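Here's the structure we're looking at; comments come further down.
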Amino acid sequence: MNKIKKTVLQSIKPLIKIFPFFVGIILLISLINSAISKSFYQKIFSKNIFLDSLIGTSLGSIFAGNSITSYIMGGEFLQQGVSLVAVTAFLVAWVTVGVLQFVVEAYYFGKKFTILRNILSFIFSILVAIITVFIYEKI
């Protein structure tokens with residue numbers, strides 16, 4: 001029983017240290033998401049596959065969030081007429097690129113790793129969106 005108690009305490013300590021970072025990130029994400037209306041996104045997309053994927057990835061990188069929320073937002077964007085490539089790019093970047101989480105990630109994994117991971121995630125978000133739409137249109 002003593003080993004279990006020691007292990008639990010060792011597991012809880014890092015969580016307590018990182019908790020303030022997560023609260024700040026959640027509050028910032030909530031603030032940004034509530035400040036910008038969903039109709040704003042429809043106005044900025046041009047129906048150009050490359051430009052839409054770039055804009056979608058950029059916005060998804062800034063307004064990062066969890067994957068469950070992204071599915072709901074993606075459905076709403078599609079209903080509002082936003083192109084599939086923009087929605088796909090937005091969703092992939094939303095989950096993979098972490099601009100808002102940069103400080104926390106750099107603190108734990110290092111600045112070099114965090115920058116490289118975010119750049120690669122940004123690039124692959126665009127590629128995944130274009131490839132997904134290309135395959136979807138072929139089916």
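We label chains A, B, ... in the order they appear in the structure tokens, count residues from 1 in each chain, and number ligands from 1 in the order shown.
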
**Prompt:** Within 12 Å of segment 112-124 of chain A, counting only C-alpha atoms, which residues qualify if same-chain residues fewer than 6 places away don't, as number ranges by chain?
**Reply:** A: 53-62, 64, 88-106, 130-132

Saved selection, atoms kept: C-alpha atoms, as a PDB file, in the first residue's frame:
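Just written: part.pdb:
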```pdb
ATOM      1  CA  SER A  53      -6.131  25.473 -47.103  1.00  0.00           C
ATOM      2  CA  LEU A  54      -3.545  28.091 -46.123  1.00  0.00           C
ATOM      3  CA  ILE A  55      -6.137  30.322 -44.438  1.00  0.00           C
ATOM      4  CA  GLY A  56      -7.810  27.332 -42.756  1.00  0.00           C
ATOM      5  CA  THR A  57      -4.497  26.077 -41.429  1.00  0.00           C
ATOM      6  CA  SER A  58      -3.524  29.530 -40.199  1.00  0.00           C
ATOM      7  CA  LEU A  59      -6.805  30.034 -38.357  1.00  0.00           C
ATOM      8  CA  GLY A  60      -6.779  26.508 -36.959  1.00  0.00           C
ATOM      9  CA  SER A  61      -3.245  27.078 -35.695  1.00  0.00           C
ATOM     10  CA  ILE A  62      -4.240  30.203 -33.827  1.00  0.00           C
ATOM     11  CA  ALA A  64      -6.436  25.640 -31.236  1.00  0.00           C
ATOM     12  CA  THR A  88     -10.243  20.054 -43.258  1.00  0.00           C
ATOM     13  CA  ALA A  89      -7.180  22.292 -42.991  1.00  0.00           C
ATOM     14  CA  PHE A  90      -8.739  24.148 -40.090  1.00  0.00           C
ATOM     15  CA  LEU A  91      -9.571  20.946 -38.215  1.00  0.00           C
ATOM     16  CA  VAL A  92      -6.189  19.304 -38.726  1.00  0.00           C
ATOM     17  CA  ALA A  93      -4.349  22.444 -37.631  1.00  0.00           C
ATOM     18  CA  TRP A  94      -6.834  22.995 -34.782  1.00  0.00           C
ATOM     19  CA  VAL A  95      -5.752  19.697 -33.254  1.00  0.00           C
ATOM     20  CA  THR A  96      -2.083  19.467 -34.294  1.00  0.00           C
ATOM     21  CA  VAL A  97      -0.588  22.968 -34.359  1.00  0.00           C
ATOM     22  CA  GLY A  98      -0.271  24.615 -30.977  1.00  0.00           C
ATOM     23  CA  VAL A  99       0.409  28.332 -31.139  1.00  0.00           C
ATOM     24  CA  LEU A 100      -1.466  29.011 -27.905  1.00  0.00           C
ATOM     25  CA  GLN A 101       0.161  26.050 -26.178  1.00  0.00           C
ATOM     26  CA  PHE A 102       3.635  27.056 -27.385  1.00  0.00           C
ATOM     27  CA  VAL A 103       4.895  28.355 -24.042  1.00  0.00           C
ATOM     28  CA  VAL A 104       3.883  25.261 -22.109  1.00  0.00           C
ATOM     29  CA  GLU A 105       5.155  22.877 -24.785  1.00  0.00           C
ATOM     30  CA  ALA A 106       8.480  24.728 -25.086  1.00  0.00           C
ATOM     31  CA  ILE A 130      -5.578  19.092 -50.169  1.00  0.00           C
ATOM     32  CA  ILE A 131      -5.022  15.331 -50.423  1.00  0.00           C
ATOM     33  CA  THR A 132      -8.214  14.580 -48.469  1.00  0.00           C
TER      34      THR A 132
END
```

**Asked** Quick one: DSSP helix (DSSP H, G or I) residues in chain A, as a PyMOL selection string?
**Response** chain A and resi 2-35+38-44+49-62+67-79+84-96+102-109+111-138

Filtering to C-alpha atoms, could you give me those residues as a short mmCIF file (atom, residue, chain, number, x, y, z; two decimals), in the first residue's frame?
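Below is the file that was written, again_35.cif:
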```cif
data_model
loop_
_atom_site.label_atom_id
_atom_site.label_comp_id
_atom_site.auth_asym_id
_atom_site.auth_seq_id
_atom_site.Cartn_x
_atom_site.Cartn_y
_atom_site.Cartn_z
CA ASN A 2 2.91 2.34 0.73
CA LYS A 3 4.26 1.94 -2.83
CA ILE A 4 0.88 2.80 -4.31
CA LYS A 5 0.60 5.93 -2.19
CA LYS A 6 4.12 7.00 -3.18
CA THR A 7 3.41 6.40 -6.87
CA VAL A 8 0.14 8.35 -6.75
CA LEU A 9 1.86 11.29 -5.06
CA GLN A 10 4.64 11.24 -7.67
CA SER A 11 2.01 11.29 -10.42
CA ILE A 12 -0.01 14.12 -8.91
CA LYS A 13 2.92 16.52 -8.37
CA PRO A 14 3.56 17.23 -12.10
CA LEU A 15 -0.17 17.63 -12.69
CA ILE A 16 -0.40 20.23 -9.96
CA LYS A 17 2.57 22.11 -11.45
CA ILE A 18 1.08 22.20 -14.95
CA PHE A 19 -2.51 22.95 -13.88
CA PRO A 20 -2.15 26.79 -13.93
CA PHE A 21 -0.82 26.62 -17.50
CA PHE A 22 -3.82 24.58 -18.64
CA VAL A 23 -6.29 26.91 -16.95
CA GLY A 24 -4.71 29.89 -18.72
CA ILE A 25 -4.77 28.14 -22.08
CA ILE A 26 -8.39 27.08 -21.70
CA LEU A 27 -9.43 30.61 -20.73
CA LEU A 28 -7.55 32.13 -23.67
CA ILE A 29 -9.02 29.67 -26.15
CA SER A 30 -12.52 30.28 -24.80
CA LEU A 31 -12.08 34.03 -25.06
CA ILE A 32 -10.90 33.90 -28.66
CA ASN A 33 -13.61 31.46 -29.74
CA SER A 34 -16.39 33.53 -28.20
CA ALA A 35 -15.05 36.84 -29.57
CA LYS A 38 -18.66 31.72 -37.04
CA SER A 39 -19.95 33.77 -40.00
CA PHE A 40 -16.60 35.57 -40.02
CA TYR A 41 -14.91 32.42 -41.30
CA GLN A 42 -17.24 32.09 -44.29
CA LYS A 43 -16.40 35.64 -45.40
CA ILE A 44 -12.63 35.09 -45.55
CA ILE A 49 -8.12 25.15 -52.84
CA PHE A 50 -4.61 26.41 -52.01
CA LEU A 51 -5.59 29.73 -50.48
CA ASP A 52 -8.42 28.17 -48.45
CA SER A 53 -6.13 25.47 -47.10
CA LEU A 54 -3.54 28.09 -46.12
CA ILE A 55 -6.14 30.32 -44.44
CA GLY A 56 -7.81 27.33 -42.76
CA THR A 57 -4.50 26.08 -41.43
CA SER A 58 -3.52 29.53 -40.20
CA LEU A 59 -6.80 30.03 -38.36
CA GLY A 60 -6.78 26.51 -36.96
CA SER A 61 -3.25 27.08 -35.69
CA ILE A 62 -4.24 30.20 -33.83
CA SER A 67 -10.81 17.27 -31.25
CA ILE A 68 -14.37 16.82 -29.93
CA THR A 69 -15.06 20.54 -30.34
CA SER A 70 -13.48 20.54 -33.79
CA TYR A 71 -15.99 18.04 -35.19
CA ILE A 72 -18.88 20.25 -34.12
CA MET A 73 -17.23 23.36 -35.56
CA GLY A 74 -16.39 21.56 -38.80
CA GLY A 75 -20.01 20.56 -39.29
CA GLU A 76 -21.16 24.11 -38.61
CA PHE A 77 -18.65 25.55 -41.07
CA LEU A 78 -19.73 23.14 -43.79
CA GLN A 79 -23.38 24.08 -43.21
CA LEU A 84 -14.26 21.25 -47.49
CA VAL A 85 -10.55 21.95 -47.97
CA ALA A 86 -10.73 24.96 -45.65
CA VAL A 87 -12.62 23.01 -43.01
CA THR A 88 -10.24 20.05 -43.26
CA ALA A 89 -7.18 22.29 -42.99
CA PHE A 90 -8.74 24.15 -40.09
CA LEU A 91 -9.57 20.95 -38.22
CA VAL A 92 -6.19 19.30 -38.73
CA ALA A 93 -4.35 22.44 -37.63
CA TRP A 94 -6.83 23.00 -34.78
CA VAL A 95 -5.75 19.70 -33.25
CA THR A 96 -2.08 19.47 -34.29
CA PHE A 102 3.63 27.06 -27.39
CA VAL A 103 4.90 28.35 -24.04
CA VAL A 104 3.88 25.26 -22.11
CA GLU A 105 5.15 22.88 -24.79
CA ALA A 106 8.48 24.73 -25.09
CA TYR A 107 8.87 24.65 -21.32
CA TYR A 108 8.48 20.86 -21.18
CA PHE A 109 9.94 19.73 -24.52
CA LYS A 111 11.94 25.48 -27.84
CA LYS A 112 13.67 23.84 -30.83
CA PHE A 113 11.45 20.76 -30.72
CA THR A 114 8.30 22.86 -30.30
CA ILE A 115 9.13 25.15 -33.23
CA LEU A 116 9.99 22.24 -35.51
CA ARG A 117 6.87 20.29 -34.53
CA ASN A 118 4.62 23.30 -35.14
CA ILE A 119 6.19 24.09 -38.53
CA LEU A 120 5.85 20.48 -39.68
CA SER A 121 2.30 20.26 -38.36
CA PHE A 122 1.41 23.47 -40.21
CA ILE A 123 2.81 22.18 -43.51
CA PHE A 124 1.21 18.76 -43.14
CA SER A 125 -2.14 20.32 -42.27
CA ILE A 126 -2.18 21.98 -45.69
CA LEU A 127 -1.07 18.81 -47.46
CA VAL A 128 -3.56 16.60 -45.63
CA ALA A 129 -6.40 18.98 -46.45
CA ILE A 130 -5.58 19.09 -50.17
CA ILE A 131 -5.02 15.33 -50.42
CA THR A 132 -8.21 14.58 -48.47
CA VAL A 133 -10.36 16.75 -50.73
CA PHE A 134 -8.67 15.38 -53.85
CA ILE A 135 -9.39 11.77 -52.74
CA TYR A 136 -12.92 12.65 -51.58
CA GLU A 137 -13.73 14.18 -54.98
CA LYS A 138 -12.40 11.07 -56.78
#
```
